[in-house]
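Working notes, beginning with the structure itself.
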Amino acid sequence: ADESGRRVFDLRTTAGEHQFRPGRATATLGVNGGHLGPTLRATRDETVVINLRNALSEPTSLHWHGMHLPAAMDGGPHQMIEPGGVWTPTWRVAQPAATLWYHPHPHQQTARHVYLGMAGLFIVDDPTTPAGLPSRYGVDDIPVIVQDKQFGDDNQLDDSEAFWTSMGILGDTICVNGTLAPYHDVTTERVRLRLLNASNARIYRFGFSDDRPFALVGTDGGLLAAPYETARIQLTPGERAEIVVTLRPGERAVLRSYPPEVGTNVWNARFSGGHDTLDVLQLRAATQLSPSPPLPDRLADLPRTDTSTPAAIRTFQLSGYSINGARMDMSRIDFAVTRDTTEVWEITAIDEAPHNFHVHEAQFRVLSVGGAPPPPELRGWKDTVHTPPNTPVRIALRFGDYVDRNTPYMYHCHLLYHEDQGLMGQFVVV
Ligand code: C2O
Ligand code: CU
């Protein structure tokens, strides 16, 4: 913290290397190091200041995915940092406890920059979170950044065109926090995993190898109202889930990704990993586990969204690399929303490709999926949602009061190849 009590982070984007395999260097990008970046952490109502230097030889940006902040602080494609340049965004954290993240957002280069390793978690803490959730970072509160990589013969990350399909890169090798074949030594009865799908295109359907149930406690933008017991949680790129799993002394449990429900035709499902089963993380419980408190029954107050008189209802059709027939144009603002109003957006993917939809600035609530009420895992705060083909997804968004007529926020598909190709638009808050 600085003299005025603001929380200061010194970051630099770096080109470096990382040993995914011992003794063998892979060229990577990272933040404050060769690969990935530090977990940033701030408390609700705290003011953060980021001193970010771009030490790459090319322009990039860092976007605070899921954060409610002024558009000029957002780190999108309009906040580029030239090589050697410094950018110093600052804002007050004004949102509940959540697992957010950060990653570059240079227009048409996002996929490559993220794939090569620039990403990290940004955890928001909130003093009103009830006791009982495992919260000792690295002990029983574990970041799980999941990415799939494709290694070439020379041990380098392969981002060449040959491996790109119309969904972008799909790797056959899973790493968690940059580690291949990862495990975690568990010392407590319960562990909280903060799952982040930081992959370019792959959709994961997480579950344990013995199908044990776990408690879903949080989604993209915050804690659920109450824990929800399930055996599977699906995350498309950009989505997060916080789960709490219970272990018995001495046992091993493997977190795995089962074939996801992509919802497309068989051909597209196959090329988007819809048939893949992949091991993600092994949990190795010690022979003696220290007791964990029971999970709280109530986790957070989720306000009911009042959509009786939305300020606007907008429809978005995703197809190919376009939204409503238009590809991203940095100089075109697609629409303006009014400060402090609630809007309803209906997003429909009308081709047979996998897509999702991410909105900057506002955490939203899902109103319906294909006309039906959302399933429990979509009832909390979300900033990214899967949009299966021909299935309208209705969301309610409330915009804050960060008015800026000239600086837009983005909305886009978070399959990064699609985003880079133009499946993105821009809005301003006025
Ligand atoms: Cu995760 Cu527009 O970004
Ligand atoms: Cu897409």
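Starting from 1 in every chain, residues are counted up; chains themselves are A, B, ... following the order of the structure tokens, and ligands are numbered from 1 as listed.
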Could you name the residues that touch segment 243-245 of chain A at 8 Å or less, counting only C-alpha atoms, but leaving out those on the same chain fewer than 2 positions away, as an NGL selection string?
:A and (134 or 190-195 or 213-218 or 241 or 247)
Writer output for current selection, N, CA and C atoms, as a short mmCIF file (atom, residue, chain, number, x, y, z; two decimals), in the first residue's frame:
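Result file again.cif:
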data_model
loop_
_atom_site.label_atom_id
_atom_site.label_comp_id
_atom_site.auth_asym_id
_atom_site.auth_seq_id
_atom_site.Cartn_x
_atom_site.Cartn_y
_atom_site.Cartn_z
N PRO A 134 -12.94 -22.47 2.88
CA PRO A 134 -11.48 -22.59 2.97
C PRO A 134 -10.84 -21.35 2.34
N ARG A 190 -11.21 -30.17 3.69
CA ARG A 190 -11.87 -29.54 2.55
C ARG A 190 -10.90 -28.62 1.82
N VAL A 191 -11.02 -28.59 0.50
CA VAL A 191 -10.19 -27.72 -0.32
C VAL A 191 -11.09 -26.93 -1.25
N ARG A 192 -10.76 -25.67 -1.38
CA ARG A 192 -11.47 -24.82 -2.34
C ARG A 192 -10.58 -24.65 -3.56
N LEU A 193 -11.14 -24.95 -4.71
CA LEU A 193 -10.40 -24.78 -5.97
C LEU A 193 -11.02 -23.61 -6.73
N ARG A 194 -10.17 -22.65 -7.08
CA ARG A 194 -10.65 -21.53 -7.90
C ARG A 194 -10.30 -21.85 -9.34
N LEU A 195 -11.27 -22.42 -10.04
CA LEU A 195 -11.04 -22.88 -11.41
C LEU A 195 -11.19 -21.72 -12.39
N PRO A 213 -19.46 -35.90 -5.46
CA PRO A 213 -20.04 -34.56 -5.53
C PRO A 213 -19.12 -33.54 -4.87
N PHE A 214 -19.26 -32.32 -5.28
CA PHE A 214 -18.53 -31.22 -4.65
C PHE A 214 -19.51 -30.06 -4.53
N ALA A 215 -19.11 -29.02 -3.80
CA ALA A 215 -19.99 -27.86 -3.65
C ALA A 215 -19.50 -26.76 -4.58
N LEU A 216 -20.40 -26.32 -5.45
CA LEU A 216 -20.10 -25.12 -6.24
C LEU A 216 -20.46 -23.94 -5.36
N VAL A 217 -19.48 -23.08 -5.08
CA VAL A 217 -19.77 -21.95 -4.18
C VAL A 217 -19.71 -20.61 -4.89
N GLY A 218 -19.02 -20.54 -6.02
CA GLY A 218 -18.93 -19.25 -6.69
C GLY A 218 -18.85 -19.39 -8.19
N ALA A 241 -15.11 -20.90 -11.77
CA ALA A 241 -15.98 -21.54 -10.78
C ALA A 241 -15.15 -21.77 -9.54
N LEU A 247 -12.20 -34.41 1.17
CA LEU A 247 -11.36 -35.60 0.98
C LEU A 247 -11.26 -36.40 2.27
#
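For His105 of chain A, the residues within 6 Å (counting only C-alpha atoms, excluding itself and residues fewer than 6 positions away along the chain) are Ser61, Gly76 and Pro77 of chain A.
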Give me, as a list in words, all polymer residues having an atom no more than 6 Å from segment 282-298 of chain A, counting only C-alpha atoms and skipping those fewer than 3 positions away in the same chain.
Gly132, Leu133, Tyr183, His184, Asp185, Val186, Thr187, Thr188, Glu189, Arg190, Ala225, Ala226, Pro249, Gly250, Glu251, Arg252, Ala253 and Val254 of chain A
Taking only C-alpha atoms and all ligand atoms into account, name the residue in A:His358, A:Arg332, A:Arg304, A:Arg339 that is nearest to ligand 1.
A:His358
Just the helix (DSSP H, G or I) stuff from segment 208-289 of chain A, please, per backbone DSSP, written as a list of chain:residue names.
A:Val266, A:Trp267, A:Asn268, A:Ala269, A:Arg270, A:Phe271
Sort by chain and increasing residue number a table of all residues of chain A within 10 Å of ligand 1, each with its closest pair of atoms and their distance in Å to one decimal, counting only C-alpha atoms and all ligand atoms, and write it as JSON lines.
{"residue": "A:Leu62", "atom": "CA", "partner": "ligand 1", "partner_atom_place_in_ligand_line": "3 (O)", "distance": 9.5}
{"residue": "A:His63", "atom": "CA", "partner": "ligand 1", "partner_atom_place_in_ligand_line": "3 (O)", "distance": 6.7}
{"residue": "A:Trp64", "atom": "CA", "partner": "ligand 1", "partner_atom_place_in_ligand_line": "1 (Cu)", "distance": 7.5}
{"residue": "A:His65", "atom": "CA", "partner": "ligand 1", "partner_atom_place_in_ligand_line": "1 (Cu)", "distance": 4.8}
{"residue": "A:Gly66", "atom": "CA", "partner": "ligand 1", "partner_atom_place_in_ligand_line": "1 (Cu)", "distance": 7.6}
{"residue": "A:Asp74", "atom": "CA", "partner": "ligand 1", "partner_atom_place_in_ligand_line": "2 (Cu)", "distance": 9.2}
{"residue": "A:Gly75", "atom": "CA", "partner": "ligand 1", "partner_atom_place_in_ligand_line": "2 (Cu)", "distance": 8.9}
{"residue": "A:Gly76", "atom": "CA", "partner": "ligand 1", "partner_atom_place_in_ligand_line": "2 (Cu)", "distance": 6.6}
{"residue": "A:Pro77", "atom": "CA", "partner": "ligand 1", "partner_atom_place_in_ligand_line": "2 (Cu)", "distance": 8.7}
{"residue": "A:Leu100", "atom": "CA", "partner": "ligand 1", "partner_atom_place_in_ligand_line": "1 (Cu)", "distance": 9.4}
{"residue": "A:Trp101", "atom": "CA", "partner": "ligand 1", "partner_atom_place_in_ligand_line": "1 (Cu)", "distance": 7.6}
{"residue": "A:Tyr102", "atom": "CA", "partner": "ligand 1", "partner_atom_place_in_ligand_line": "1 (Cu)", "distance": 7.0}
{"residue": "A:His103", "atom": "CA", "partner": "ligand 1", "partner_atom_place_in_ligand_line": "1 (Cu)", "distance": 6.6}
{"residue": "A:Pro104", "atom": "CA", "partner": "ligand 1", "partner_atom_place_in_ligand_line": "1 (Cu)", "distance": 8.2}
{"residue": "A:His105", "atom": "CA", "partner": "ligand 1", "partner_atom_place_in_ligand_line": "2 (Cu)", "distance": 6.5}
{"residue": "A:Pro106", "atom": "CA", "partner": "ligand 1", "partner_atom_place_in_ligand_line": "2 (Cu)", "distance": 9.7}
{"residue": "A:His107", "atom": "CA", "partner": "ligand 1", "partner_atom_place_in_ligand_line": "2 (Cu)", "distance": 9.9}
{"residue": "A:Thr110", "atom": "CA", "partner": "ligand 1", "partner_atom_place_in_ligand_line": "3 (O)", "distance": 9.0}
{"residue": "A:Val114", "atom": "CA", "partner": "ligand 1", "partner_atom_place_in_ligand_line": "1 (Cu)", "distance": 9.8}
{"residue": "A:Ala119", "atom": "CA", "partner": "ligand 1", "partner_atom_place_in_ligand_line": "1 (Cu)", "distance": 9.6}
{"residue": "A:Ala198", "atom": "CA", "partner": "ligand 1", "partner_atom_place_in_ligand_line": "1 (Cu)", "distance": 8.7}
{"residue": "A:Pro237", "atom": "CA", "partner": "ligand 1", "partner_atom_place_in_ligand_line": "1 (Cu)", "distance": 8.4}
{"residue": "A:Gly238", "atom": "CA", "partner": "ligand 1", "partner_atom_place_in_ligand_line": "1 (Cu)", "distance": 5.7}
{"residue": "A:Glu239", "atom": "CA", "partner": "ligand 1", "partner_atom_place_in_ligand_line": "1 (Cu)", "distance": 8.7}
{"residue": "A:Phe357", "atom": "CA", "partner": "ligand 1", "partner_atom_place_in_ligand_line": "2 (Cu)", "distance": 9.5}
{"residue": "A:His358", "atom": "CA", "partner": "ligand 1", "partner_atom_place_in_ligand_line": "2 (Cu)", "distance": 6.6}
{"residue": "A:Val359", "atom": "CA", "partner": "ligand 1", "partner_atom_place_in_ligand_line": "2 (Cu)", "distance": 6.9}
{"residue": "A:His360", "atom": "CA", "partner": "ligand 1", "partner_atom_place_in_ligand_line": "2 (Cu)", "distance": 6.2}
{"residue": "A:Glu361", "atom": "CA", "partner": "ligand 1", "partner_atom_place_in_ligand_line": "2 (Cu)", "distance": 9.7}
{"residue": "A:Asp383", "atom": "CA", "partner": "ligand 1", "partner_atom_place_in_ligand_line": "1 (Cu)", "distance": 9.0}
{"residue": "A:Thr384", "atom": "CA", "partner": "ligand 1", "partner_atom_place_in_ligand_line": "1 (Cu)", "distance": 8.4}
{"residue": "A:Tyr409", "atom": "CA", "partner": "ligand 1", "partner_atom_place_in_ligand_line": "2 (Cu)", "distance": 8.3}
{"residue": "A:Met410", "atom": "CA", "partner": "ligand 1", "partner_atom_place_in_ligand_line": "2 (Cu)", "distance": 5.8}
{"residue": "A:Tyr411", "atom": "CA", "partner": "ligand 1", "partner_atom_place_in_ligand_line": "2 (Cu)", "distance": 6.4}
{"residue": "A:His412", "atom": "CA", "partner": "ligand 1", "partner_atom_place_in_ligand_line": "2 (Cu)", "distance": 6.4}
{"residue": "A:Cys413", "atom": "CA", "partner": "ligand 1", "partner_atom_place_in_ligand_line": "2 (Cu)", "distance": 8.2}
{"residue": "A:His414", "atom": "CA", "partner": "ligand 1", "partner_atom_place_in_ligand_line": "3 (O)", "distance": 6.5}
{"residue": "A:Leu415", "atom": "CA", "partner": "ligand 1", "partner_atom_place_in_ligand_line": "1 (Cu)", "distance": 9.6}
{"residue": "A:Leu416", "atom": "CA", "partner": "ligand 1", "partner_atom_place_in_ligand_line": "3 (O)", "distance": 8.7}
{"residue": "A:Glu419", "atom": "CA", "partner": "ligand 1", "partner_atom_place_in_ligand_line": "2 (Cu)", "distance": 8.3}
{"residue": "A:Met424", "atom": "CA", "partner": "ligand 1", "partner_atom_place_in_ligand_line": "2 (Cu)", "distance": 8.5}
{"residue": "A:Gly425", "atom": "CA", "partner": "ligand 1", "partner_atom_place_in_ligand_line": "2 (Cu)", "distance": 9.9}
Among the residues of segment 45-268 of chain A, find those DSSP assigns to strand (DSSP E or B) from the backbone and print them as number ranges by chain.
A: 47-54, 60, 63-65, 81, 86-87, 90-92, 98-103, 120-125, 137, 141-149, 151, 157, 164-165, 168-169, 173-176, 179-180, 183-188, 190-197, 204-208, 214-219, 222-230, 233-235, 240-246, 252-258
Write a file of the selected residues as an mmCIF file, in the first residue's frame, keeping C-alpha atoms.
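Wrote part.cif, looks like this:
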data_model
loop_
_atom_site.group_PDB
_atom_site.id
_atom_site.type_symbol
_atom_site.label_atom_id
_atom_site.label_comp_id
_atom_site.auth_asym_id
_atom_site.auth_seq_id
_atom_site.Cartn_x
_atom_site.Cartn_y
_atom_site.Cartn_z
ATOM 1 C CA THR A 47 -8.353 1.596 -4.304
ATOM 2 C CA VAL A 48 -5.832 -0.191 -6.466
ATOM 3 C CA VAL A 49 -3.057 1.318 -8.562
ATOM 4 C CA ILE A 50 -1.255 -0.744 -11.160
ATOM 5 C CA ASN A 51 2.146 0.348 -12.422
ATOM 6 C CA LEU A 52 2.388 -1.665 -15.579
ATOM 7 C CA ARG A 53 5.433 -1.538 -17.835
ATOM 8 C CA ASN A 54 5.379 -3.251 -21.193
ATOM 9 C CA THR A 60 0.032 -5.151 -25.677
ATOM 10 C CA HIS A 63 -7.484 -6.252 -19.205
ATOM 11 C CA TRP A 64 -9.027 -6.821 -15.766
ATOM 12 C CA HIS A 65 -11.595 -9.417 -16.746
ATOM 13 C CA ILE A 81 0.955 0.122 -24.136
ATOM 14 C CA VAL A 86 4.030 2.484 -18.791
ATOM 15 C CA TRP A 87 0.297 2.491 -18.033
ATOM 16 C CA THR A 90 -6.372 3.068 -10.857
ATOM 17 C CA TRP A 91 -9.871 2.360 -9.582
ATOM 18 C CA ARG A 92 -11.817 1.559 -6.470
ATOM 19 C CA ALA A 98 -14.874 -13.021 -6.627
ATOM 20 C CA THR A 99 -12.237 -14.812 -8.631
ATOM 21 C CA LEU A 100 -11.457 -12.456 -11.514
ATOM 22 C CA TRP A 101 -8.482 -12.563 -13.841
ATOM 23 C CA TYR A 102 -6.325 -10.492 -16.133
ATOM 24 C CA HIS A 103 -4.939 -11.036 -19.606
ATOM 25 C CA GLY A 120 -3.165 -14.328 -13.894
ATOM 26 C CA LEU A 121 -5.839 -14.303 -11.217
ATOM 27 C CA PHE A 122 -7.224 -11.181 -9.577
ATOM 28 C CA ILE A 123 -8.988 -12.171 -6.364
ATOM 29 C CA VAL A 124 -11.433 -9.775 -4.742
ATOM 30 C CA ASP A 125 -11.956 -10.264 -1.010
ATOM 31 C CA TYR A 137 -4.185 -19.363 -0.135
ATOM 32 C CA ASP A 141 -7.641 -22.230 -1.241
ATOM 33 C CA ILE A 142 -5.965 -23.112 -4.497
ATOM 34 C CA PRO A 143 -5.766 -21.227 -7.787
ATOM 35 C CA VAL A 144 -6.316 -23.609 -10.712
ATOM 36 C CA ILE A 145 -5.551 -21.887 -14.006
ATOM 37 C CA VAL A 146 -6.323 -24.475 -16.664
ATOM 38 C CA GLN A 147 -4.841 -24.235 -20.142
ATOM 39 C CA ASP A 148 -4.268 -26.626 -22.989
ATOM 40 C CA LYS A 149 -1.023 -26.420 -24.911
ATOM 41 C CA PHE A 151 4.049 -28.557 -27.973
ATOM 42 C CA LEU A 157 4.481 -23.779 -28.021
ATOM 43 C CA TRP A 164 -5.730 -23.555 -35.802
ATOM 44 C CA THR A 165 -9.181 -24.581 -36.768
ATOM 45 C CA GLY A 168 -8.572 -21.524 -32.665
ATOM 46 C CA ILE A 169 -5.939 -23.583 -30.999
ATOM 47 C CA THR A 173 -1.504 -31.196 -23.150
ATOM 48 C CA ILE A 174 -3.149 -29.770 -20.044
ATOM 49 C CA CYS A 175 -1.280 -27.549 -17.668
ATOM 50 C CA VAL A 176 -2.432 -26.058 -14.404
ATOM 51 C CA THR A 179 2.625 -27.137 -14.578
ATOM 52 C CA LEU A 180 2.255 -30.387 -16.474
ATOM 53 C CA TYR A 183 -0.813 -32.463 -8.085
ATOM 54 C CA HIS A 184 -1.581 -30.736 -4.827
ATOM 55 C CA ASP A 185 -0.782 -32.128 -1.390
ATOM 56 C CA VAL A 186 -3.955 -31.713 0.619
ATOM 57 C CA THR A 187 -3.639 -31.243 4.384
ATOM 58 C CA THR A 188 -7.198 -30.252 5.273
ATOM 59 C CA ARG A 190 -11.871 -29.543 2.545
ATOM 60 C CA VAL A 191 -10.192 -27.719 -0.317
ATOM 61 C CA ARG A 192 -11.471 -24.819 -2.336
ATOM 62 C CA LEU A 193 -10.398 -24.779 -5.968
ATOM 63 C CA ARG A 194 -10.645 -21.526 -7.901
ATOM 64 C CA LEU A 195 -11.042 -22.878 -11.412
ATOM 65 C CA LEU A 196 -10.258 -20.583 -14.323
ATOM 66 C CA ASN A 197 -10.585 -21.677 -17.910
ATOM 67 C CA TYR A 204 -13.921 -28.149 -19.918
ATOM 68 C CA ARG A 205 -16.483 -30.154 -18.037
ATOM 69 C CA PHE A 206 -14.874 -30.604 -14.643
ATOM 70 C CA GLY A 207 -15.630 -33.491 -12.341
ATOM 71 C CA PHE A 208 -13.777 -36.033 -10.232
ATOM 72 C CA PHE A 214 -18.533 -31.215 -4.647
ATOM 73 C CA ALA A 215 -19.986 -27.861 -3.650
ATOM 74 C CA LEU A 216 -20.098 -25.123 -6.238
ATOM 75 C CA VAL A 217 -19.770 -21.952 -4.184
ATOM 76 C CA GLY A 218 -18.928 -19.247 -6.691
ATOM 77 C CA THR A 219 -19.179 -18.312 -10.343
ATOM 78 C CA GLY A 222 -19.061 -13.752 -6.953
ATOM 79 C CA LEU A 223 -20.340 -16.317 -4.515
ATOM 80 C CA LEU A 224 -23.634 -18.091 -5.071
ATOM 81 C CA ALA A 225 -26.450 -17.466 -2.617
ATOM 82 C CA ALA A 226 -25.861 -20.955 -1.208
ATOM 83 C CA PRO A 227 -23.556 -23.889 -2.003
ATOM 84 C CA TYR A 228 -24.874 -26.085 -4.798
ATOM 85 C CA GLU A 229 -23.933 -29.731 -4.747
ATOM 86 C CA THR A 230 -23.067 -31.206 -8.117
ATOM 87 C CA ILE A 233 -19.212 -27.976 -13.749
ATOM 88 C CA GLN A 234 -18.648 -26.865 -17.323
ATOM 89 C CA LEU A 235 -16.525 -23.820 -18.106
ATOM 90 C CA ARG A 240 -14.533 -19.316 -13.487
ATOM 91 C CA ALA A 241 -15.978 -21.536 -10.784
ATOM 92 C CA GLU A 242 -15.102 -21.886 -7.142
ATOM 93 C CA ILE A 243 -15.691 -25.384 -5.839
ATOM 94 C CA VAL A 244 -15.132 -26.981 -2.444
ATOM 95 C CA VAL A 245 -14.285 -30.677 -2.354
ATOM 96 C CA THR A 246 -14.078 -32.963 0.679
ATOM 97 C CA ARG A 252 -6.275 -39.466 -4.064
ATOM 98 C CA ALA A 253 -8.842 -37.706 -6.165
ATOM 99 C CA VAL A 254 -8.318 -36.722 -9.767
ATOM 100 C CA LEU A 255 -9.995 -33.632 -11.137
ATOM 101 C CA ARG A 256 -10.739 -34.414 -14.737
ATOM 102 C CA SER A 257 -12.423 -32.830 -17.707
ATOM 103 C CA TYR A 258 -15.172 -34.982 -19.191
#
Within 9 Å of Gln317 of chain A, counting only C-alpha atoms, which residues qualify if same-chain residues fewer than 5 places away don't, as a list in words?
Ser322, Ile323, Asn324, Gly325, Glu346, Ile347, Thr348, Ala349 and Ile350 of chain A
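You can rank A:Pro375, A:Pro70, A:Pro408, A:Gly178 by their closest distance to Asp334 of chain A using only C-alpha atoms, and at the top of that list sits A:Pro408.
You can rank A:Gly152, A:Pro59, A:Pro310, A:Pro388 by their closest distance to Trp345 of chain A using only C-alpha atoms, and at the top of that list sits A:Pro310.
Across the structure, atom CA of Ile203 of chain A and atom CA of Met167 of chain A are spaced 11.0 Å apart.
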Mind giving me the straight-line distance from atom CA of Tyr321 of chain A to atom CA of Ser166 of chain A in Å, one decimal?
9.4 Å
How many Å lie between atom CA of Gly85 of chain A and atom CA of Tyr402 of chain A, rounded to one decimal?
25.6 Å
